[in-house]
2 protein chains.
Amino acid sequence: MKITRNINNPLITPKDVKPSKKDFKVIGTFNAGVAKVNQKFLLLIRVAEKYHTNDPEIVGVPMYSEIDDKIIIKKFNRKDKTIDFTDPRFVKTKEQLYLTSLSHFRLATSTDGVHFEIDDKPFMIASTYYEAYGIEDPRITYIDDYYYINYSAISMSGVVTCLARTKDFKEVERLGIIFLQDNKDVAIFPEKINNKYYALNRPVSAYFNKPEMWIAASNDLISYHDHKLLASLRPNHFDNARIGASTPPFKTKIGWIEFYHGASFEDKYCVGVMVLDLNDPSKILYRSEEPLIEPSASYEQKGFMANVLFPCGQVIENDMIYLYYGNSDENICLITFSLNELLTMIKLELNQNE
Amino acid sequence: MKITRNINNPLITPKDVKPSKKDFKVIGTFNAGVAKVNQKFLLLIRVAEKYHTNDPEIVGVPMYSEIDDKIIIKKFNRKDKTIDFTDPRFVKTKEQLYLTSLSHFRLATSTDGVHFEIDDKPFMIASTYYEAYGIEDPRITYIDDYYYINYSAISMSGVVTCLARTKDFKEVERLGIIFLQDNKDVAIFPEKINNKYYALNRPVSAYFNKPEMWIAASNDLISYHDHKLLASLRPNHFDNARIGASTPPFKTKIGWIEFYHGASFEDKYCVGVMVLDLNDPSKILYRSEEPLIEPSASYEQKGFMANVLFPCGQVIENDMIYLYYGNSDENICLITFSLNELLTMIKLELNQNE
C-alpha cells in the first residue's frame, strides 16, 4: 500500500505561528484536530508556547489563574535549591508540579489541504481551573450540525478530557469535563450506533501503569457509561508500552476505521490501524500487526520529542485520505493514501488469518 | 461534643470470620458498608484474605481469572530474583503488579448494632475482569426500593468504582463501572437534588498526585457529568495529604452531612465532617478544622495499617448516629454520638466564624 509523505512536510512549524502574547515564544505547532468546513480543510492546531525572558535566573510558568481570570506568568528563581528544574518541561516545587509551556488552539484553513492560512489569534485558550496548565490535542467530530471538539485539559488536578462545540469555528461553547483524570486520547464516533454515542478513551491508573484503549457509550455525548477495555498493549509489537485513540473513527463497509497511536518502551510513536464492528464498536475486527507509518523521514527523527508521530484527525476526499499528524511534538505533517487500497490491504490480511 | 467508642471495640476482627476457601486466611475485616434492613443493622464487610501455604518458597496471589471464570492462585517462587517481594502487599514482576490479598464482601446483621451474626459465605466476590484483584470498601445508599452498593474494583487496569444493587441482600445485580481508574471513595446521595442524583468521588492523577474530593451529577446513577472539584487538601491540617468521601451523605436541616476521611503525610487517617448545601451539594457550607475522631484508642494505634480510621457508613436511630469504621485496615469498630449535638457544634462554629 502506497503512503505518500507530502513533499512540503512539515507543513506547519513554530516559526509559522505568531505568539499569542508579546513575551511568549511558540515552541510547538502540532497534534491538530482536523475537519472539512465550507469546502476548506481546517486544522485546529495545538500551539505550545513558553514564556520568554532575557533574565537567565528566571523560569516563568505561563498558566491560567482563576483568581485573576487571565493567563499569568508565575516566576521562579533558578537558583532556588528547593525547586527542581532538571526537566526543562517542568518546574517541581515541594507542593506542586508546574509545566513550563502552555498550549492553546489556533485555526488554520486551506483549499488544497497543503498550504494553510494560520490565524493570528487563538481560537481557544485556557480559561477554567481545569485548563490552568493548558488545553491540548483537540479532536473534531461532526455530529448533527455541530463540530464537537474534545481535548485534554491540564491542571494541578491532572489531565481530564473536556468537550466543546461550535457551528462555525467562530463561537465556541464549552460543555465541561467528560472524562476524569487521567484520561486523554478521546475520539468520538460521528454517529449513534444502536441509539448510543460512543467514545474511545484512555484512562490511566497511577498504581497499574497500563495506558490502554477503552470505549464508553453515551446518550448525550456528555455522560458516559458501559465502560470497557477495548485494546491492550501487545508485547513484542510497536505498541507494547502505550496506546491511545488518535483520530475520530470513520465508517466504511468493513467497519469503523480507527488510526491509533502505539508507543514502544523506547518512546517511538507509530500509527496503527484498527477496524471496529459497525454494530458493536467494542469488538475489534482487525488490528495491524505492523504500523501504518513509523518515524522514518529525517524531520520525524529529530525535534523536541524525536520519533513521535501523533495524528489527531483526517479528511477523506473521494478515495483519498489526508492524515495530518504532529511530528516530534513540534510540527504538523501530512500523509495521503487511498482508502480503497487500505481496505484491500486489511481484507487481504484478514483472509490470510482465517 | 461527646463521642463514645463502643466498649466492645473492635466489634469484628479477622478471627470472627470464616475464610471463603480452605487454603485462605482472613487477614482483614474492615471498611464495611452500612444499612438498616428489616429493623436490623446490616454490615457489608470487606473481608481481605491471603493464600495460606506451608511452603515458605511459594507466594500465592489469589485472583479472579476471566479465562477460568473462578478464583485461582497464581504462584510465584520467592527465590525468583526477577520478582520484587519487598512489600508483603505486592508481587511485582517486570510486566505486572499483583496483590497478595483478595477482598470480597460478607454480610453481618445485628439487632443492637453491636453484636453481629456474620455469614459463613461471601455475599459478593470478584467475578469480572475489572474485579480480578478484588472488590473493596463498599458503600450502601438506599434509593427507591433498592440498596445501591458502590465499591472499588481492582484489576491490572487500575482502580475503578463499580455499582451494584439489591432489594434484599440475597440477589445482587451488577450495573458496571461508574467511575474510571483511578477513582475510589465514591459516596452516592440518597435522593435527587433538583432532579439530579449526585456522587462524591475521588479521581487521582498519576502525574499530579492530589487525592481530593470531587462531585458529579447523574440522571440515572450510571452515567455521570458536571464533574467538579469539591474539596482540596488543606496544608497544616489533618487532611493535608489525601482526602475522600467516607460515608454516604445524609440530609439535615443545615445541609447534607458528610463524614469524610483525611490523611496526613504521616499516613494518619482521621474522620472529618463537611456540610454541603441542600440545594447545591457542590457548595461546602462547613468543613471541620479538627477531626471528629482521630486514632487514639490502643486498638487504633496498632494493627496492619496502624492509625487508619476509615468509616464507610452510618445508621441513624432517632438522635443517635452509629458510625462504623475500619480500624488499621483490620477490624470494625463503632462510635456513637448525638446528631443534635453534632449540629449544635457545627452551628456554633459557623456562628463564630461569621
# chains A, B, ... in the order shown; residues from 1 in each chain; ligands from 1
$ interface_residues --of "chain B" --to "chain A" --cutoff "8 Å" --atoms "only C-alpha atoms" --output "list of chain:residue names"
B:Gln96, B:Leu97, B:Met156, B:Ser157, B:Gly158, B:Val159, B:Gly176, B:Ile177, B:Ile178, B:Leu180, B:Gln181, B:Asp182, B:Pro203, B:Val204, B:Ser205, B:Ala206, B:Tyr207, B:Phe208, B:Asn209, B:Lys210, B:Ser218, B:Ile222, B:Ser223, B:Tyr224, B:His225, B:Asp226, B:His227
$ write_last_selection --atoms "C-alpha atoms" --output "tab-separated table (two decimals), in the first residue's frame"
chain	number	residue	atom	x	y	z
B	96	GLN	CA	2.75	-6.74	36.12
B	97	LEU	CA	1.82	-5.71	39.65
B	156	MET	CA	-4.37	-4.90	36.32
B	157	SER	CA	-6.08	-1.94	34.64
B	158	GLY	CA	-6.37	0.02	37.88
B	159	VAL	CA	-8.91	1.00	40.49
B	176	GLY	CA	-20.95	-1.92	35.79
B	177	ILE	CA	-18.26	0.71	36.08
B	178	ILE	CA	-19.42	4.21	37.07
B	180	LEU	CA	-12.85	5.03	35.59
B	181	GLN	CA	-9.42	4.39	37.04
B	182	ASP	CA	-8.17	5.56	39.40
B	203	PRO	CA	-10.19	10.71	40.92
B	204	VAL	CA	-6.40	10.58	41.14
B	205	SER	CA	-3.90	11.75	38.59
B	206	ALA	CA	-0.74	9.75	38.02
B	207	TYR	CA	1.14	12.92	37.16
B	208	PHE	CA	-0.27	15.34	39.71
B	209	ASN	CA	-0.74	13.40	42.89
B	210	LYS	CA	-3.64	15.25	44.54
B	218	SER	CA	-26.22	11.91	37.15
B	222	ILE	CA	-24.83	5.03	35.98
B	223	SER	CA	-23.56	7.89	33.78
B	224	TYR	CA	-22.01	10.96	35.43
B	225	HIS	CA	-21.49	14.53	34.26
B	226	ASP	CA	-20.97	18.05	35.63
B	227	HIS	CA	-17.72	16.92	37.26
$ residues_around --residues "Ile45 in chain B" --least-positions-apart "2" --cutoff "9 Å" --atoms "only C-alpha atoms" --output "list in words"
Thr29, Phe30, Asn31, Ala32, Gly33, Val34, Leu43, Val47, His104, Phe105, Arg106, Leu107, Ala108, Asp137, Pro138 and Ile332 of chain B
$ calpha_fit_and_write --fixed "chain A" --moving "chain B" --output "short mmCIF file (atom, residue, chain, number, x, y, z; two decimals) with C-alpha atoms, in the first residue's frame"
data_model
loop_
_atom_site.label_atom_id
_atom_site.label_comp_id
_atom_site.auth_asym_id
_atom_site.auth_seq_id
_atom_site.Cartn_x
_atom_site.Cartn_y
_atom_site.Cartn_z
CA MET B 1 0.02 0.01 -0.04
CA LYS B 2 1.39 3.35 -1.11
CA ILE B 3 1.64 6.08 1.50
CA THR B 4 2.85 9.48 0.35
CA ARG B 5 4.54 11.88 2.70
CA ASN B 6 3.72 15.34 1.42
CA ILE B 7 6.65 16.96 -0.32
CA ASN B 8 6.10 20.14 1.70
CA ASN B 9 6.40 18.35 5.06
CA PRO B 10 6.48 19.68 7.66
CA LEU B 11 3.52 21.80 6.56
CA ILE B 12 3.41 23.95 9.67
CA THR B 13 6.23 24.72 12.10
CA PRO B 14 6.51 27.02 15.13
CA LYS B 15 8.04 29.83 13.06
CA ASP B 16 4.82 29.98 11.01
CA VAL B 17 2.71 30.87 14.02
CA LYS B 18 2.52 34.25 15.70
CA PRO B 19 2.84 34.08 19.50
CA SER B 20 -0.36 34.85 21.40
CA LYS B 21 1.44 37.31 23.67
CA LYS B 22 4.44 39.59 23.30
CA ASP B 23 6.66 37.78 25.77
CA PHE B 24 5.68 34.30 24.53
CA LYS B 25 7.65 32.11 22.19
CA VAL B 26 5.99 29.41 20.10
CA ILE B 27 7.80 26.10 20.65
CA GLY B 28 5.34 23.65 19.11
CA THR B 29 2.58 23.59 16.49
CA PHE B 30 1.31 20.05 16.42
CA ASN B 31 -1.44 17.47 17.16
CA ALA B 32 -4.15 19.33 15.27
CA GLY B 33 -7.83 18.48 15.15
CA VAL B 34 -8.97 18.21 11.53
CA ALA B 35 -12.24 19.00 9.75
CA LYS B 36 -13.67 19.97 6.39
CA VAL B 37 -15.64 23.21 6.81
CA ASN B 38 -17.25 25.13 3.93
CA GLN B 39 -15.20 23.25 1.33
CA LYS B 40 -11.99 24.12 3.15
CA PHE B 41 -9.56 21.97 5.10
CA LEU B 42 -9.47 23.19 8.67
CA LEU B 43 -6.76 22.46 11.25
CA LEU B 44 -7.28 23.27 14.90
CA ILE B 45 -3.62 23.41 15.86
CA ARG B 46 -2.27 22.83 19.33
CA VAL B 47 0.15 25.73 19.80
CA ALA B 48 2.59 25.33 22.70
CA GLU B 49 4.25 28.47 24.00
CA LYS B 50 6.88 29.30 26.56
CA TYR B 51 7.46 32.49 28.47
CA HIS B 52 10.49 34.22 27.04
CA THR B 53 12.79 36.34 29.16
CA ASN B 54 16.36 37.56 28.83
CA ASP B 55 16.91 37.06 32.53
CA PRO B 56 18.72 33.72 32.83
CA GLU B 57 17.82 33.43 36.52
CA ILE B 58 14.08 33.43 35.89
CA VAL B 59 11.94 30.50 34.86
CA GLY B 60 8.44 31.68 34.03
CA VAL B 61 5.47 29.33 34.13
CA PRO B 62 2.60 30.56 31.96
CA MET B 63 -0.75 29.44 33.32
CA TYR B 64 -4.38 30.43 33.64
CA SER B 65 -5.18 31.90 37.04
CA GLU B 66 -8.77 31.49 38.16
CA ILE B 67 -8.46 34.36 40.65
CA ASP B 68 -7.18 36.80 38.01
CA ASP B 69 -9.28 35.20 35.25
CA LYS B 70 -6.40 35.50 32.81
CA ILE B 71 -3.10 33.98 31.75
CA ILE B 72 -0.38 34.91 34.23
CA ILE B 73 3.34 34.20 34.50
CA LYS B 74 4.38 32.52 37.72
CA LYS B 75 8.08 33.27 38.15
CA PHE B 76 10.62 31.02 39.83
CA ASN B 77 14.26 31.71 40.57
CA ARG B 78 16.54 29.15 38.98
CA LYS B 79 18.88 29.46 41.99
CA ASP B 80 16.20 28.32 44.42
CA LYS B 81 17.53 24.96 45.56
CA THR B 82 14.18 23.79 46.93
CA ILE B 83 12.88 23.70 43.33
CA ASP B 84 13.65 21.03 40.74
CA PHE B 85 14.33 22.46 37.25
CA THR B 86 16.08 19.33 35.90
CA ASP B 87 13.49 18.51 33.23
CA PRO B 88 12.99 21.65 31.09
CA ARG B 89 9.30 20.76 30.68
CA PHE B 90 8.57 21.02 34.40
CA VAL B 91 9.08 23.09 37.51
CA LYS B 92 8.70 20.93 40.60
CA THR B 93 8.26 22.61 43.95
CA LYS B 94 7.69 20.64 47.12
CA GLU B 95 3.94 21.17 46.87
CA GLN B 96 3.24 21.40 43.19
CA LEU B 97 4.18 20.37 39.66
CA TYR B 98 4.10 23.12 37.01
CA LEU B 99 4.53 22.98 33.24
CA THR B 100 6.90 25.42 31.56
CA SER B 101 4.77 25.57 28.41
CA LEU B 102 1.11 26.39 27.87
CA SER B 103 -0.90 25.21 24.87
CA HIS B 104 -3.88 26.82 23.15
CA PHE B 105 -5.75 26.14 19.90
CA ARG B 106 -5.25 28.09 16.68
CA LEU B 107 -7.23 27.81 13.46
CA ALA B 108 -5.68 27.31 10.05
CA THR B 109 -7.53 26.81 6.76
CA SER B 110 -6.57 25.65 3.30
CA THR B 111 -8.21 24.99 -0.04
CA ASP B 112 -5.73 22.27 -1.11
CA GLY B 113 -5.00 20.67 2.25
CA VAL B 114 -1.32 21.56 1.96
CA HIS B 115 -0.97 25.35 2.07
CA PHE B 116 -2.56 26.78 5.18
CA GLU B 117 -3.49 30.28 6.29
CA ILE B 118 -2.97 30.47 10.02
CA ASP B 119 -4.95 32.82 12.25
CA ASP B 120 -2.99 35.45 14.15
CA LYS B 121 -5.02 34.93 17.29
CA PRO B 122 -6.03 31.88 19.34
CA PHE B 123 -9.39 30.20 18.81
CA MET B 124 -9.49 28.70 22.34
CA ILE B 125 -7.24 29.39 25.30
CA ALA B 126 -7.09 28.01 28.84
CA SER B 127 -9.90 29.69 30.75
CA THR B 128 -11.12 27.46 33.57
CA TYR B 129 -9.48 25.98 36.67
CA TYR B 130 -9.40 22.59 34.93
CA GLU B 131 -7.49 24.13 32.00
CA ALA B 132 -4.99 26.10 34.12
CA TYR B 133 -1.97 24.32 32.59
CA GLY B 134 -3.35 24.45 29.09
CA ILE B 135 -5.51 22.71 26.52
CA GLU B 136 -4.02 20.05 24.27
CA ASP B 137 -4.57 17.60 21.41
CA PRO B 138 -8.02 18.53 20.04
CA ARG B 139 -10.11 16.09 18.02
CA ILE B 140 -13.09 17.18 15.97
CA THR B 141 -16.21 15.10 15.24
CA TYR B 142 -19.09 16.47 13.19
CA ILE B 143 -22.48 15.42 14.57
CA ASP B 144 -25.88 16.97 13.85
CA ASP B 145 -24.77 20.42 12.66
CA TYR B 146 -22.12 20.80 15.36
CA TYR B 147 -18.38 20.32 15.29
CA TYR B 148 -17.66 18.69 18.63
CA ILE B 149 -14.15 19.36 19.90
CA ASN B 150 -12.75 17.13 22.62
CA TYR B 151 -9.43 18.01 24.16
CA SER B 152 -7.14 17.35 27.11
CA ALA B 153 -7.37 19.95 29.85
CA ILE B 154 -4.42 20.03 32.21
CA SER B 155 -4.39 21.43 35.73
CA MET B 156 -2.87 20.77 39.13
CA SER B 157 -5.67 18.22 39.49
CA GLY B 158 -4.50 16.18 36.50
CA VAL B 159 -5.38 15.51 32.89
CA VAL B 160 -9.11 15.46 32.12
CA THR B 161 -10.91 15.39 28.80
CA CYS B 162 -13.29 18.25 28.07
CA LEU B 163 -15.84 18.74 25.33
CA ALA B 164 -16.79 21.91 23.44
CA ARG B 165 -18.80 22.52 20.30
CA THR B 166 -19.11 25.06 17.54
CA LYS B 167 -21.23 25.51 14.44
CA ASP B 168 -18.88 27.85 12.61
CA PHE B 169 -15.46 27.95 14.30
CA LYS B 170 -16.25 31.49 15.40
CA GLU B 171 -18.23 30.98 18.59
CA VAL B 172 -17.45 28.02 20.83
CA GLU B 173 -19.49 26.57 23.68
CA ARG B 174 -17.74 24.65 26.45
CA LEU B 175 -19.67 21.58 27.67
CA GLY B 176 -17.39 20.63 30.57
CA ILE B 177 -15.44 17.57 31.63
CA ILE B 178 -16.45 14.27 30.01
CA PHE B 179 -13.67 12.01 31.37
CA LEU B 180 -11.94 12.44 34.73
CA GLN B 181 -8.21 12.42 35.36
CA ASP B 182 -6.10 10.95 33.98
CA ASN B 183 -7.88 10.39 30.70
CA LYS B 184 -6.84 11.64 27.28
CA ASP B 185 -6.84 10.43 23.67
CA VAL B 186 -10.60 10.56 23.45
CA ALA B 187 -12.11 10.09 19.98
CA ILE B 188 -15.85 10.39 19.44
CA PHE B 189 -17.71 8.39 16.77
CA PRO B 190 -19.56 10.59 14.24
CA GLU B 191 -22.98 8.99 14.65
CA LYS B 192 -25.08 6.93 17.02
CA ILE B 193 -24.69 3.16 16.88
CA ASN B 194 -27.81 1.30 18.03
CA ASN B 195 -29.04 4.54 19.54
CA LYS B 196 -25.86 5.27 21.56
CA TYR B 197 -22.96 7.59 21.01
CA TYR B 198 -19.53 6.07 21.59
CA ALA B 199 -16.14 7.44 22.56
CA LEU B 200 -12.74 5.82 22.67
CA ASN B 201 -10.74 6.97 25.67
CA ARG B 202 -7.55 6.25 27.57
CA PRO B 203 -7.83 6.15 31.37
CA VAL B 204 -4.55 5.63 33.21
CA SER B 205 -4.03 4.18 36.64
CA ALA B 206 -1.38 5.65 38.90
CA TYR B 207 -0.81 2.25 40.48
CA PHE B 208 -1.02 -0.02 37.45
CA ASN B 209 0.61 1.82 34.61
CA LYS B 210 -1.22 0.41 31.58
CA PRO B 211 -2.12 3.16 29.12
CA GLU B 212 -4.65 1.23 27.01
CA MET B 213 -7.69 2.01 24.87
CA TRP B 214 -11.15 1.89 26.41
CA ILE B 215 -14.58 2.54 24.95
CA ALA B 216 -17.71 4.03 26.53
CA ALA B 217 -21.29 4.67 25.44
CA SER B 218 -23.33 7.82 25.93
CA ASN B 219 -26.86 9.09 25.40
CA ASP B 220 -25.87 12.75 25.18
CA LEU B 221 -22.08 12.95 24.49
CA ILE B 222 -21.66 14.42 28.00
CA SER B 223 -22.26 11.49 30.39
CA TYR B 224 -20.60 8.14 29.68
CA HIS B 225 -21.38 4.59 30.76
CA ASP B 226 -20.81 0.97 29.71
CA HIS B 227 -17.06 1.46 30.13
CA LYS B 228 -14.98 -1.35 28.63
CA LEU B 229 -11.35 -2.12 27.98
CA LEU B 230 -11.11 -2.21 24.18
CA ALA B 231 -7.47 -2.82 23.25
CA SER B 232 -4.48 -3.84 25.33
CA LEU B 233 -0.76 -3.38 24.92
CA ARG B 234 0.91 -6.04 22.76
CA PRO B 235 4.27 -7.46 23.86
CA ASN B 236 6.83 -7.60 21.05
CA HIS B 237 4.87 -5.13 18.92
CA PHE B 238 5.30 -1.46 18.09
CA ASP B 239 2.53 -0.75 20.65
CA ASN B 240 3.94 -2.54 23.70
CA ALA B 241 4.12 0.45 26.08
CA ARG B 242 1.28 2.93 25.45
CA ILE B 243 -1.67 3.09 23.09
CA GLY B 244 -4.51 5.52 22.59
CA ALA B 245 -7.03 6.63 20.03
CA SER B 246 -5.68 9.14 17.58
CA THR B 247 -8.30 10.15 15.03
CA PRO B 248 -12.11 10.11 15.28
CA PRO B 249 -13.25 6.81 13.72
CA PHE B 250 -14.90 6.82 10.30
CA LYS B 251 -17.35 4.38 8.77
CA THR B 252 -16.52 2.00 5.93
CA LYS B 253 -18.15 -1.14 4.53
CA ILE B 254 -15.85 -3.35 6.61
CA GLY B 255 -16.22 -1.47 9.89
CA TRP B 256 -15.18 1.65 11.76
CA ILE B 257 -11.61 2.58 10.90
CA GLU B 258 -9.51 3.95 13.74
CA PHE B 259 -5.99 5.29 13.29
CA TYR B 260 -4.46 4.94 16.74
CA HIS B 261 -1.04 5.66 18.17
CA GLY B 262 1.10 2.97 19.68
CA ALA B 263 4.33 3.68 21.51
CA SER B 264 7.16 1.36 22.42
CA PHE B 265 9.24 1.39 25.59
CA GLU B 266 11.80 3.34 23.56
CA ASP B 267 9.21 6.14 23.13
CA LYS B 268 8.82 5.61 19.41
CA TYR B 269 5.26 6.59 18.48
CA CYS B 270 3.82 4.91 15.39
CA VAL B 271 0.38 4.93 13.81
CA GLY B 272 -1.62 1.69 13.85
CA VAL B 273 -4.98 0.79 12.32
CA MET B 274 -7.97 -0.90 13.89
CA VAL B 275 -11.28 -1.93 12.42
CA LEU B 276 -14.19 -1.97 14.86
CA ASP B 277 -17.51 -3.74 14.33
CA LEU B 278 -20.12 -1.49 12.69
CA ASN B 279 -22.86 -2.56 15.11
CA ASP B 280 -20.74 -3.03 18.23
CA PRO B 281 -17.63 -0.85 18.25
CA SER B 282 -16.34 -2.60 21.37
CA LYS B 283 -15.44 -5.52 19.09
CA ILE B 284 -12.09 -5.33 17.28
CA LEU B 285 -12.27 -6.99 13.86
CA TYR B 286 -8.73 -6.09 12.81
CA ARG B 287 -5.60 -4.60 14.33
CA SER B 288 -2.50 -4.04 12.27
CA GLU B 289 0.50 -6.19 13.17
CA GLU B 290 2.82 -3.53 11.77
CA PRO B 291 2.45 0.24 11.97
CA LEU B 292 0.77 2.06 9.09
CA ILE B 293 3.61 4.56 9.35
CA GLU B 294 6.55 4.87 11.65
CA PRO B 295 9.11 7.67 12.09
CA SER B 296 11.46 7.39 9.13
CA ALA B 297 11.69 10.77 7.40
CA SER B 298 14.58 12.91 8.60
CA TYR B 299 12.21 15.53 10.04
CA GLU B 300 10.45 12.78 12.03
CA GLN B 301 13.63 11.51 13.61
CA LYS B 302 14.62 14.80 15.16
CA GLY B 303 12.93 17.62 17.07
CA PHE B 304 11.56 18.30 20.55
CA MET B 305 10.36 14.71 21.03
CA ALA B 306 12.06 12.83 18.20
CA ASN B 307 10.33 9.76 16.74
CA VAL B 308 6.85 10.79 17.81
CA LEU B 309 4.11 10.58 15.15
CA PHE B 310 0.76 11.68 16.51
CA PRO B 311 -2.29 12.12 14.28
CA CYS B 312 -5.46 13.72 15.67
CA GLY B 313 -7.65 13.69 12.56
CA GLN B 314 -8.18 12.98 8.90
CA VAL B 315 -10.15 14.32 5.96
CA ILE B 316 -11.38 11.93 3.27
CA GLU B 317 -11.86 13.36 -0.23
CA ASN B 318 -13.31 10.79 -2.62
CA ASP B 319 -10.82 7.93 -2.26
CA MET B 320 -8.02 9.97 -0.73
CA ILE B 321 -7.28 10.02 3.00
CA TYR B 322 -5.46 13.13 4.22
CA LEU B 323 -3.98 12.11 7.55
CA TYR B 324 -2.41 15.02 9.45
CA TYR B 325 -0.02 14.23 12.27
CA GLY B 326 2.11 16.02 14.76
CA ASN B 327 5.76 15.12 14.37
CA SER B 328 8.19 15.26 17.27
CA ASP B 329 5.65 17.34 19.29
CA GLU B 330 6.80 20.22 17.12
CA ASN B 331 5.39 20.37 13.57
CA ILE B 332 2.41 19.32 11.50
CA CYS B 333 2.89 16.88 8.63
CA LEU B 334 0.63 15.20 6.11
CA ILE B 335 0.48 11.78 4.55
CA THR B 336 -2.01 10.78 1.88
CA PHE B 337 -3.12 7.33 0.82
CA SER B 338 -6.02 5.57 -0.86
CA LEU B 339 -8.96 4.40 1.24
CA ASN B 340 -9.59 1.56 -1.20
CA GLU B 341 -6.02 0.39 -1.01
CA LEU B 342 -6.23 0.48 2.78
CA LEU B 343 -9.43 -1.60 2.80
CA THR B 344 -7.95 -4.05 0.28
CA MET B 345 -4.86 -4.46 2.43
CA ILE B 346 -6.93 -5.05 5.55
CA LYS B 347 -9.22 -7.54 3.82
CA LEU B 348 -6.21 -9.41 2.46
CA GLU B 349 -4.65 -9.67 5.91
CA LEU B 350 -7.95 -10.77 7.43
CA ASN B 351 -8.35 -13.51 4.80
CA GLN B 352 -4.79 -14.69 5.36
CA ASN B 353 -5.51 -15.07 9.05
CA GLU B 354 -8.71 -17.04 8.53
#
$ select_by_dssp --residues "range 165-210 of chain B" --states "strand (DSSP E or B)" --output "PyMOL selection string"
chain B and resi 165-166+173-179+183-188+193+196-203
